[in-house]
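Okay, target.cif now, which holds mmCIF, C-alpha atoms and all ligand atoms:
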```cif
data_entry
#
loop_
_atom_site.label_atom_id
_atom_site.label_comp_id
_atom_site.auth_asym_id
_atom_site.auth_seq_id
_atom_site.Cartn_x
_atom_site.Cartn_y
_atom_site.Cartn_z
CA MET A 641 265.88 139.64 31.94
CA SER A 642 268.05 138.93 34.95
CA PRO A 643 271.76 139.60 34.31
CA GLY A 644 273.76 136.41 33.88
CA LYS A 645 270.71 134.16 33.90
CA PRO A 646 269.49 132.93 30.52
CA ASP A 647 265.88 133.65 29.60
CA VAL A 648 265.81 131.04 26.88
CA ALA A 649 267.77 127.89 26.07
CA LEU A 650 267.72 127.32 22.32
CA VAL A 651 268.89 124.02 20.85
CA ARG A 652 268.97 122.83 17.28
CA CYS A 653 266.95 119.67 16.61
CA ASP A 654 266.53 118.63 13.01
CA SER A 655 264.10 115.74 13.31
CA TYR A 656 261.99 113.64 15.64
CA ASP A 657 264.58 110.88 15.69
CA ARG A 658 264.38 109.59 19.25
CA GLY A 659 268.08 109.84 20.06
CA LEU A 660 268.34 113.35 18.63
CA VAL A 661 265.29 114.62 20.50
CA GLU A 662 266.52 113.10 23.77
CA GLU A 663 269.90 114.77 23.30
CA SER A 664 268.40 118.17 22.36
CA VAL A 665 265.82 118.24 25.14
CA GLY A 666 268.48 117.05 27.62
CA ARG A 667 270.70 119.92 26.52
CA THR A 668 267.97 122.54 27.02
CA PHE A 669 267.50 121.33 30.61
CA GLU A 670 271.27 121.35 31.20
CA LEU A 671 271.57 124.89 29.84
CA LEU A 672 268.92 126.04 32.32
CA GLY A 673 270.70 124.50 35.29
CA GLY A 674 269.39 120.93 35.10
CA VAL A 675 266.00 119.45 35.82
CA GLY A 676 266.68 119.82 39.57
CA ALA A 677 266.49 123.60 39.13
CA VAL A 678 262.82 123.19 38.20
CA VAL A 679 261.55 120.07 39.97
CA GLY A 680 262.32 118.93 43.52
CA GLU A 681 262.81 115.29 44.47
CA GLY A 682 259.52 113.44 44.76
CA GLU A 683 257.38 116.41 43.71
CA SER A 684 254.27 115.90 41.58
CA VAL A 685 254.62 117.25 38.04
CA PHE A 686 251.90 117.92 35.48
CA VAL A 687 253.30 118.01 31.95
CA LYS A 688 250.79 120.16 30.08
CA VAL A 689 251.05 119.23 26.43
CA ASN A 690 249.18 120.66 23.46
CA ALA A 691 246.52 118.00 22.83
CA LEU A 692 244.03 120.13 21.00
CA LEU A 693 242.28 117.40 19.01
CA PRO A 694 242.48 113.71 18.16
CA VAL A 695 244.94 114.16 15.29
CA GLY A 696 248.25 112.40 14.68
CA PRO A 697 251.68 113.98 15.26
CA GLU A 698 252.28 114.29 11.50
CA ARG A 699 249.72 117.18 11.43
CA ALA A 700 252.10 119.27 13.61
CA ALA A 701 249.06 120.53 15.53
CA THR A 702 249.91 118.82 18.82
CA THR A 703 253.16 118.52 20.77
CA HIS A 704 255.18 115.71 19.23
CA PRO A 705 255.20 112.60 21.46
CA GLU A 706 258.98 112.20 21.10
CA VAL A 707 259.46 115.63 22.68
CA VAL A 708 257.03 114.76 25.49
CA ARG A 709 258.81 111.44 26.01
CA ALA A 710 262.21 113.17 26.26
CA VAL A 711 260.82 115.67 28.80
CA ILE A 712 259.39 112.82 30.89
CA ARG A 713 262.74 111.01 30.83
CA GLN A 714 264.43 114.16 32.17
CA ILE A 715 261.90 114.66 34.95
CA GLN A 716 262.13 111.00 35.95
CA THR A 717 265.68 111.62 37.12
CA VAL A 718 264.19 113.45 40.12
CA THR A 719 260.60 112.24 40.54
CA GLY A 720 258.29 109.47 39.41
CA ASP A 721 255.08 111.36 40.09
CA ILE A 722 254.37 112.64 36.58
CA THR A 723 251.11 113.21 34.73
CA ILE A 724 250.85 114.00 31.02
CA GLY A 725 247.69 115.84 30.07
CA ASP A 726 245.68 118.66 28.62
CA SER A 727 242.14 119.87 28.36
CA PRO A 728 241.51 119.47 24.63
CA GLY A 729 239.16 121.60 22.61
CA GLY A 730 236.12 119.41 22.99
CA PRO A 731 234.07 117.70 25.67
CA PHE A 732 236.12 117.50 28.87
CA ASN A 733 235.42 113.87 29.67
CA ARG A 734 237.35 110.62 29.92
CA ALA A 735 236.26 109.27 26.53
CA PHE A 736 237.37 112.34 24.57
CA LEU A 737 240.62 112.67 26.53
CA LYS A 738 241.42 109.02 25.84
CA ARG A 739 240.80 109.48 22.13
CA VAL A 740 243.05 112.54 21.95
CA TYR A 741 245.84 110.95 24.01
CA GLU A 742 245.79 107.81 21.84
CA LYS A 743 245.71 109.60 18.50
CA ALA A 744 248.35 112.21 19.38
CA GLY A 745 250.72 109.52 20.70
CA PHE A 746 250.69 110.49 24.40
CA ALA A 747 249.10 107.19 25.49
CA ASP A 748 252.09 105.32 24.04
CA VAL A 749 254.50 107.68 25.82
CA ALA A 750 252.70 107.06 29.12
CA ALA A 751 252.70 103.29 28.60
CA GLU A 752 256.41 103.26 27.81
CA THR A 753 257.62 105.65 30.51
CA GLY A 754 255.20 104.76 33.32
CA ALA A 755 253.90 108.34 33.55
CA SER A 756 250.16 108.76 34.20
CA LEU A 757 247.67 110.27 31.76
CA GLY A 758 245.53 113.14 33.05
CA PHE A 759 241.85 112.13 33.32
CA ASP A 760 240.87 114.29 36.30
CA THR A 761 238.14 116.61 35.01
CA SER A 762 237.47 118.53 38.23
CA VAL A 763 237.75 122.33 38.14
CA VAL A 764 238.70 125.03 40.61
CA GLU A 765 238.02 128.80 40.56
CA VAL A 766 241.29 130.74 40.49
CA ALA A 767 241.78 134.49 40.98
CA LEU A 768 243.32 136.47 38.13
CA PRO A 769 245.24 139.15 40.05
CA GLY A 770 245.31 142.35 38.04
CA GLY A 771 243.41 140.60 35.25
CA ALA A 772 242.68 142.87 32.32
CA ALA A 773 239.91 140.61 31.00
CA ARG A 774 238.42 138.91 34.12
CA LYS A 775 239.00 138.79 37.87
CA SER A 776 238.70 135.00 38.30
CA ILE A 777 238.38 131.95 36.11
CA ALA A 778 237.58 128.22 36.39
CA LEU A 779 240.62 126.06 35.65
CA CYS A 780 241.50 122.36 35.61
CA ARG A 781 242.25 121.36 39.19
CA ALA A 782 244.89 118.74 38.34
CA MET A 783 247.09 121.28 36.56
CA VAL A 784 246.69 123.93 39.25
CA ASP A 785 247.23 121.53 42.18
CA ALA A 786 250.40 119.80 40.92
CA ASP A 787 253.61 120.83 42.73
CA ARG A 788 255.10 121.74 39.35
CA LEU A 789 253.48 122.60 36.05
CA ILE A 790 255.59 122.20 32.92
CA SER A 791 254.10 123.43 29.67
CA VAL A 792 255.30 121.59 26.55
CA SER A 793 253.79 123.45 23.63
CA LYS A 794 253.82 123.50 19.83
CA PHE A 795 254.98 126.47 17.79
CA LYS A 796 252.28 127.21 15.22
CA THR A 797 250.07 129.72 13.55
CA HIS A 798 246.51 130.38 14.67
CA VAL A 799 243.87 132.09 12.59
CA PHE A 800 242.67 134.12 15.57
CA MET A 801 245.89 134.79 17.55
CA ARG A 802 248.13 134.72 14.44
CA LEU A 803 251.21 133.06 15.96
CA THR A 804 251.32 130.94 19.10
CA GLY A 805 253.74 129.02 21.27
CA ALA A 806 254.40 129.18 24.99
CA ILE A 807 251.81 131.80 26.02
CA LYS A 808 248.76 130.33 24.32
CA ASN A 809 249.44 126.73 25.38
CA VAL A 810 248.67 127.71 28.96
CA PHE A 811 245.09 128.55 27.98
CA GLY A 812 244.57 124.78 27.89
CA VAL A 813 244.22 124.92 31.70
CA VAL A 814 240.71 126.24 31.00
CA PRO A 815 238.47 123.16 30.96
CA GLY A 816 237.09 121.82 27.67
CA MET A 817 234.11 123.66 26.25
CA THR A 818 234.47 126.57 28.70
CA LYS A 819 237.16 127.81 26.32
CA PHE A 820 234.47 128.39 23.70
CA THR A 821 232.28 130.46 25.98
CA TYR A 822 235.27 132.79 26.41
CA HIS A 823 235.57 133.01 22.65
CA SER A 824 232.08 134.47 22.55
CA THR A 825 232.65 136.79 25.53
CA PHE A 826 236.01 138.01 24.24
CA HIS A 827 235.44 137.88 20.51
CA GLN A 828 237.71 140.83 19.73
CA ASP A 829 241.17 139.40 19.17
CA THR A 830 242.84 141.96 21.46
CA ASP A 831 240.43 141.14 24.34
CA PHE A 832 240.99 137.42 23.88
CA ALA A 833 244.76 137.98 23.82
CA ASP A 834 244.43 139.85 27.13
CA LEU A 835 242.59 136.88 28.60
CA LEU A 836 245.39 134.52 27.53
CA VAL A 837 247.91 136.73 29.28
CA ASP A 838 245.73 136.89 32.42
CA VAL A 839 245.56 133.08 32.53
CA LEU A 840 249.31 132.74 31.96
CA LEU A 841 250.04 135.14 34.83
CA ALA A 842 247.63 133.33 37.16
CA VAL A 843 248.94 129.86 36.41
CA SER A 844 252.61 130.75 35.88
CA PRO A 845 254.11 127.38 34.84
CA ASP A 846 257.47 126.49 36.35
CA LEU A 847 258.92 125.86 32.90
CA HIS A 848 257.91 126.22 29.26
CA LEU A 849 259.41 124.04 26.56
CA VAL A 850 258.37 124.67 22.97
CA ASP A 851 258.44 121.94 20.32
CA ALA A 852 259.47 123.82 17.18
CA VAL A 853 261.22 120.92 15.47
CA TRP A 854 258.30 120.99 13.08
CA GLY A 855 255.87 123.84 13.54
CA MET A 856 252.87 124.95 11.52
CA GLU A 857 252.47 127.82 9.08
CA GLY A 858 249.45 129.10 7.15
CA ASP A 859 245.93 128.77 8.51
CA GLY A 860 246.64 126.99 11.83
CA ALA A 861 246.07 125.87 14.51
CA VAL A 862 245.04 122.46 13.13
CA TRP A 863 244.78 122.57 9.37
CA GLY A 864 247.75 124.76 8.48
CA ASP A 865 250.85 123.36 6.81
CA PRO A 866 253.61 121.61 8.76
CA ARG A 867 256.86 123.55 8.47
CA LYS A 868 260.28 122.53 9.68
CA ILE A 869 261.78 125.05 12.10
CA GLY A 870 264.44 122.75 13.58
CA VAL A 871 264.67 123.79 17.24
CA VAL A 872 263.49 123.12 20.76
CA ALA A 873 263.49 126.08 23.14
CA ALA A 874 262.85 126.31 26.87
CA GLY A 875 262.76 128.81 29.70
CA ARG A 876 260.66 130.14 32.54
CA ASP A 877 259.61 133.27 30.68
CA ALA A 878 256.87 132.57 28.11
CA PHE A 879 257.11 136.12 26.74
CA ALA A 880 260.83 135.77 26.06
CA LEU A 881 260.32 132.39 24.40
CA ASP A 882 257.57 133.59 22.08
CA THR A 883 259.57 136.72 21.23
CA LEU A 884 262.63 134.68 20.30
CA LEU A 885 260.68 132.13 18.25
CA ALA A 886 258.88 134.81 16.24
CA ASP A 887 262.21 136.45 15.50
CA LEU A 888 263.64 133.06 14.54
CA VAL A 889 261.04 132.79 11.75
CA ASP A 890 261.84 136.35 10.71
CA LEU A 891 258.62 137.96 11.97
CA ASP A 892 257.89 140.97 14.13
CA PRO A 893 257.20 139.27 17.51
CA ARG A 894 254.10 141.41 17.98
CA VAL A 895 252.26 139.45 15.29
CA ASN A 896 251.81 136.98 18.15
CA LEU A 897 248.74 138.73 19.58
CA PRO A 898 249.04 137.46 23.18
CA LEU A 899 252.64 138.68 23.15
CA ASP A 900 251.46 141.98 21.72
CA ALA A 901 248.99 142.24 24.63
CA ALA A 902 251.83 141.64 27.09
CA VAL A 903 253.90 144.39 25.45
CA ARG A 904 250.93 146.81 25.59
CA ARG A 905 250.56 146.07 29.29
CA GLY A 906 254.26 146.68 29.96
CA LEU A 907 254.91 143.05 30.92
CA CYS A 908 257.73 142.60 28.42
CA SER A 909 259.45 144.53 25.65
CA GLY A 910 258.83 142.19 22.72
CA ASP A 911 262.39 143.02 21.66
CA PRO A 912 264.40 139.94 20.63
CA GLY A 913 267.60 141.92 21.24
CA GLY A 914 266.77 142.10 24.95
CA ILE A 915 266.64 138.33 25.45
CA ASN A 916 269.48 136.49 27.07
CA VAL A 917 269.83 133.33 24.94
CA THR A 918 271.98 130.35 25.81
CA GLY A 919 272.74 127.36 23.59
CA ASP A 920 272.80 127.58 19.81
CA ASP A 921 273.11 130.83 17.88
CA PRO A 922 269.63 132.05 16.82
CA GLY A 923 271.18 133.83 13.84
CA ALA A 924 272.40 130.51 12.44
CA LEU A 925 268.99 128.88 12.83
CA LYS A 926 266.90 131.54 11.15
CA VAL A 927 263.95 130.38 8.98
CA TYR A 928 262.74 132.59 6.13
CA GLY A 929 259.45 132.74 4.26
CA PHE A 930 257.31 131.52 7.17
CA ARG A 931 253.63 132.03 6.30
CA LEU A 932 251.16 133.57 8.74
CA PRO A 933 247.41 132.93 8.50
CA THR A 934 245.69 134.73 5.65
CA LYS A 935 243.26 136.42 8.03
CA LYS A 936 243.29 140.21 7.67
CA SER A 937 246.29 140.05 5.38
CA ALA A 938 244.84 142.67 3.05
CA ILE A 939 241.92 143.91 5.12
CA VAL A 940 244.16 145.65 7.64
CA LEU A 941 245.08 148.09 4.92
CA LEU A 942 241.54 149.47 4.83
CA PRO A 943 240.74 152.67 6.79
CA ALA A 944 239.60 152.30 10.42
CA PHE A 945 236.23 154.04 9.89
CA PHE A 946 235.43 151.60 7.08
CA MET A 947 236.40 148.60 9.18
CA ARG A 948 234.35 149.84 12.16
CA ARG A 949 231.31 150.15 9.96
CA TYR A 950 231.73 147.12 7.75
CA SER A 951 233.97 144.79 9.74
CA THR A 952 231.40 141.98 9.76
CA LEU A 953 231.28 142.09 5.98
CA MET A 954 235.06 142.14 5.66
CA SER A 955 236.22 139.36 7.97
CA LEU A 956 237.26 135.87 7.06
CA ARG A 957 234.30 133.49 7.50
CA PRO A 958 233.80 129.77 7.96
CA TYR A 959 232.37 127.81 5.02
CA PRO A 960 231.66 124.06 5.30
CA VAL A 961 233.15 122.03 2.44
CA ARG A 962 231.00 119.43 0.69
CA GLY A 963 232.87 116.15 0.39
CA ARG A 964 234.86 116.76 3.56
CA CYS A 965 232.10 117.65 6.01
CA THR A 966 230.43 114.46 7.25
CA ALA A 967 227.58 116.31 9.00
CA CYS A 968 228.70 114.82 12.31
CA GLY A 969 227.28 117.87 14.09
CA LYS A 970 230.21 118.43 16.46
CA CYS A 971 230.84 121.98 15.28
CA ALA A 972 227.18 122.81 15.92
CA GLU A 973 227.52 121.51 19.49
CA ILE A 974 230.44 123.80 20.30
CA CYS A 975 229.55 126.88 18.21
CA PRO A 976 229.29 129.74 20.76
CA GLY A 977 227.14 131.78 18.37
CA GLY A 978 224.63 128.96 17.75
CA ALA A 979 225.27 129.63 14.07
CA ILE A 980 225.61 126.07 12.71
CA ARG A 981 222.98 123.49 11.81
CA MET A 982 223.01 120.35 9.67
CA LYS A 983 221.11 120.41 6.41
CA GLU A 984 221.08 117.83 3.61
CA GLY A 985 224.26 116.07 4.71
CA ILE A 986 226.41 119.12 5.38
CA ALA A 987 226.93 121.76 8.06
CA VAL A 988 225.42 125.14 7.23
CA VAL A 989 226.64 128.37 8.85
CA ASP A 990 224.32 131.31 9.43
CA HIS A 991 226.89 134.11 9.20
CA ARG A 992 224.53 136.59 10.87
CA HIS A 993 225.09 134.72 14.14
CA CYS A 994 228.76 133.82 13.60
CA ILE A 995 231.17 135.67 15.92
CA ASN A 996 234.26 134.62 13.94
CA CYS A 997 235.86 132.66 16.76
CA PHE A 998 236.93 129.97 14.20
CA CYS A 999 236.41 127.20 16.75
CA CYS A 1000 234.58 125.13 14.10
CA HIS A 1001 237.59 125.39 11.77
CA GLU A 1002 239.92 124.51 14.59
CA LEU A 1003 237.97 121.58 15.92
CA CYS A 1004 236.62 119.80 12.87
CA GLU A 1005 238.46 116.49 12.63
CA HIS A 1006 237.71 116.19 8.90
CA ASP A 1007 239.04 119.57 7.76
CA GLY A 1008 235.40 120.25 6.89
CA ILE A 1009 235.47 124.03 7.36
CA GLU A 1010 237.33 126.40 5.11
CA LEU A 1011 238.01 130.02 6.02
CA LYS A 1012 237.38 132.41 3.15
CA LEU A 1013 236.80 136.09 2.69
CA PRO A 1014 233.20 136.96 1.79
CA PRO A 1015 232.63 138.22 -1.79
CA LEU A 1016 232.75 141.96 -0.88
CA ALA A 1017 236.08 141.60 0.90
CA ARG A 1018 237.51 139.59 -1.99
CA LEU A 1019 236.50 142.35 -4.35
CA LEU A 1020 237.98 145.13 -2.22
CA THR A 1021 241.20 143.43 -1.37
CA ARG A 1022 242.12 142.03 -4.74
S1 LIG B 1 232.22 120.74 9.59
FE1 LIG B 1 233.32 119.11 10.62
S2 LIG B 1 232.59 119.14 12.75
FE2 LIG B 1 231.12 120.30 11.51
S3 LIG B 1 229.56 118.80 10.91
FE3 LIG B 1 231.07 118.87 9.25
S4 LIG B 1 232.50 117.22 9.75
FE4 LIG B 1 231.34 117.64 11.64
S1 LIG B 2 230.27 129.31 12.97
FE1 LIG B 2 232.35 128.73 13.58
S2 LIG B 2 233.44 130.70 13.61
FE2 LIG B 2 231.24 131.17 13.65
S3 LIG B 2 230.72 131.36 15.81
FE3 LIG B 2 230.32 129.25 15.21
S4 LIG B 2 232.21 128.13 15.74
FE4 LIG B 2 232.70 130.32 15.71
#
```

Kindly return the structure encoded in the file as structure tokens.
Amino acid sequence: MSPGKPDVALVRCDSYDRGLVEESVGRTFELLGGVGAVVGEGESVFVKVNALLPVGPERAATTHPEVVRAVIRQIQTVTGDITIGDSPGGPFNRAFLKRVYEKAGFADVAAETGASLGFDTSVVEVALPGGAARKSIALCRAMVDADRLISVSKFKTHVFMRLTGAIKNVFGVVPGMTKFTYHSTFHQDTDFADLLVDVLLAVSPDLHLVDAVWGMEGDGAVWGDPRKIGVVAAGRDAFALDTLLADLVDLDPRVNLPLDAAVRRGLCSGDPGGINVTGDDPGALKVYGFRLPTKKSAIVLLPAFFMRRYSTLMSLRPYPVRGRCTACGKCAEICPGGAIRMKEGIAVVDHRHCINCFCCHELCEHDGIELKLPPLARLLTR
């Protein structure tokens, strides 16, 4: 925290009413010194949204288009060279990008504001200085090459990383399916969290704005339950933002595993009391009873030696759901463990090859995968 300079601008925003969102987002920029403090005249700006899947804004899995629209309107006061985009969790090609942008509402925002949509699928190898997980990584060229990168994320739960916001959104600079290969390489949650921090440090967006008007609780990041939080928050420091937002929903910030990794590495304190907040009073905006994913909720109570020996028998597992699974085969295409095949009109998971990345759960557009504890774990954790 630098004395006198706010780490986070926090502004109440009770709904996605256009006028209200414009006012709230405008205020966050003002509180941080205006859009000119982030973007220079005529510079190119990539607005990196959360466009994980082709699902509508009502799911609360993607950044709400009204928030993106309001951010674009702010940036347009200094430059017209703006691209809205992401690398969704699926094939990194024009057809899939178009589908996601249309369904999530970003295509309409682009059409209305005149901003471009990001369809450049070229990649560039970027060094990860001091990387705990890797020394270099392939990233989306368009996001890396823009003069300014602004991350506009969604505050939500995540069955693997528990709670996510500003830090995790930046992992979307990793192109399409490459994200899944990292899930298999870094299948321990702490290793994967380290990788997210490495990518954040390498890319270092010029600004993070988090859409927490409606967030997601429960088993996110796609099929959890929408939950009103009622704020937008922005700042340059992703660690400070995620710390404040976790505290806002009355949780220990270190349940956000990427943030926990940053604290372990001495990159931040994870202490909400150390954050310099400007704008509305966080104490008056507190949300209680926010539900984390069920993963490990009871299992963590078991002794370490038991977990080391029997962890594969005790973890939450993916189970396809008859009636919802359409046997489209997409989860089998992306499964890093090669654990899924189609049989008699439904996906079937071979749990011996499953690495518990939960990508199938995250990416199924039909909510066709449920995460459940296996019978032994259910017995022991009752
Ligand atoms: S679980 Fe989902 S992604 Fe997998 S085959 Fe069924 S419908 Fe397709
Ligand atoms: S079955 Fe699902 S959770 Fe298991 S490795 Fe494949 S994608 Fe990951």

What does the distance between atom CA of Ile724 of chain A and atom CA of Val687 of chain A come to in Å, to one decimal place?
4.8 Å

Which residues are close to Asp890 of chain A, i.e. within 9 Å by all atoms listed in the file, leaving aside same-chain residues fewer than 6 positions away? Reply as a ChimeraX atom specification.
/A:926-930

Compute the set of protein, DNA and RNA residues whose minimum atom distance to ligand LIG 2 (chain B) is at most 10 Å, using all atoms listed in the file, and state it as a ChimeraX atom specification.
/A:820,823-824,827,956-960,970-981,987-1004,1009,1011

Got a sec: who's within 12 Å of Ser776 of chain A, counting only C-alpha atoms, leaving out chain neighbours fewer than 4 positions off, as a ChimeraX atom specification?
/A:764-772,814,835,838-839,841-843

Which neighbours of Asp892 of chain A fall inside 12 Å, counting only C-alpha atoms, when residues of the same chain fewer than 3 positions from it are skipped, and could you give them as a ChimeraX atom specification?
/A:802-803,882-889,895-897,899-900,910-912,930,932

Using atom CA of His1006 of chain A and atom CA of Ala751 of chain A as the two end points, give the distance in Å to one decimal.
27.9 Å

Restricting to only C-alpha atoms and all ligand atoms, whichever of A:Glu698, A:Asp785, A:Asp877, A:Glu1010 is closest to ligand LIG 1 (chain B) is A:Glu1010

Taken to one decimal, the atom CA of Trp854 of chain A-atom CA of Val711 of chain A distance is 16.8 Å

Tell me, as a ChimeraX atom specification, which residues lie within 10 Å of Ala649 of chain A, counting all atoms listed in the file; anything in the same chain fewer than 6 positions away does not count.
/A:665,667-672,849,872-876,881,916-920

Give me the segment 768-886 of chain A side of the contact with segment 673-684 of chain A, cut-off 7 Å, one line per residue showing its nearest atom pair and distance in Å at one decimal, counting only C-alpha atoms, sorted by chain and residue number, as JSON lines.
```
{"residue": "A:Ala786", "atom": "CA", "partner": "A:Ser684", "partner_atom": "CA", "distance": 5.5}
{"residue": "A:Asp787", "atom": "CA", "partner": "A:Ser684", "partner_atom": "CA", "distance": 5.1}
{"residue": "A:Arg788", "atom": "CA", "partner": "A:Ser684", "partner_atom": "CA", "distance": 6.3}
{"residue": "A:Asp846", "atom": "CA", "partner": "A:Val678", "partner_atom": "CA", "distance": 6.6}
```

Please tell me which residues are no farther than 6 Å from (249.8, 120.6, 20.8) in the file, counting all atoms listed in the file, and write them as a PyMOL selection string.
chain A and resi 689-692+701-703+793-794

I need the residue nearest Ala852 of chain A from this list: A:Thr818, A:Gln714, A:Thr723, A:Thr797. Use all atoms listed in the file for the distance.
A:Thr797

Using the file's own x, y and z axes, so that the box edges lie along x, y and z, what centre and edge lengths in Å (one decimal) does a box around every listed atom of ligand LIG 1 (chain B) get when 5 Å is added on each side? Give it as AutoDock Vina command-line options.
```
--center_x 231.4 --center_y 119.0 --center_z 11.0 --size_x 13.8 --size_y 13.5 --size_z 13.5
```

For Val695 of chain A, please output as a ChimeraX atom specification all residues within 7 Å (counting all atoms listed in the file; exclusion window: fewer than 3 positions along the same chain).
/A:699,743-744

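Among A:Ala700, A:Met817, A:Ala967, A:Ala773, the residue with the shortest atom-to-atom distance to ligand LIG 1 (chain B), counting only C-alpha atoms and all ligand atoms, is A:Ala967.
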
My list of candidates is A:Gly969, A:Leu925, A:Pro1014, A:Gly914. Which is closest to ligand LIG 1 (chain B) when distances are computed with all atoms listed in the file?
A:Gly969

Fix up segment 738-749 of chain A with N, CA and C atoms, then write it as a short mmCIF file (atom, residue, chain, number, x, y, z; two decimals), keeping the file's coordinate frame.
```cif
data_model
loop_
_atom_site.label_atom_id
_atom_site.label_comp_id
_atom_site.auth_asym_id
_atom_site.auth_seq_id
_atom_site.Cartn_x
_atom_site.Cartn_y
_atom_site.Cartn_z
N LYS A 738 240.77 110.27 26.24
CA LYS A 738 241.42 109.02 25.84
C LYS A 738 241.67 109.01 24.33
N ARG A 739 240.67 109.45 23.59
CA ARG A 739 240.80 109.48 22.13
C ARG A 739 241.95 110.39 21.69
N VAL A 740 241.99 111.58 22.32
CA VAL A 740 243.05 112.54 21.95
C VAL A 740 244.42 111.98 22.33
N TYR A 741 244.54 111.46 23.55
CA TYR A 741 245.84 110.95 24.01
C TYR A 741 246.33 109.80 23.10
N GLU A 742 245.39 108.96 22.69
CA GLU A 742 245.79 107.81 21.84
C GLU A 742 246.23 108.30 20.47
N LYS A 743 245.43 109.16 19.87
CA LYS A 743 245.71 109.60 18.50
C LYS A 743 246.99 110.45 18.43
N ALA A 744 247.19 111.31 19.42
CA ALA A 744 248.35 112.21 19.38
C ALA A 744 249.64 111.52 19.82
N GLY A 745 249.53 110.28 20.34
CA GLY A 745 250.72 109.52 20.70
C GLY A 745 251.11 109.62 22.17
N PHE A 746 250.32 110.32 22.98
CA PHE A 746 250.69 110.49 24.40
C PHE A 746 250.40 109.22 25.20
N ALA A 747 249.41 108.44 24.77
CA ALA A 747 249.10 107.19 25.49
C ALA A 747 250.29 106.24 25.39
N ASP A 748 250.92 106.18 24.21
CA ASP A 748 252.09 105.32 24.04
C ASP A 748 253.25 105.80 24.91
N VAL A 749 253.42 107.12 24.99
CA VAL A 749 254.50 107.68 25.82
C VAL A 749 254.26 107.29 27.28
#
```
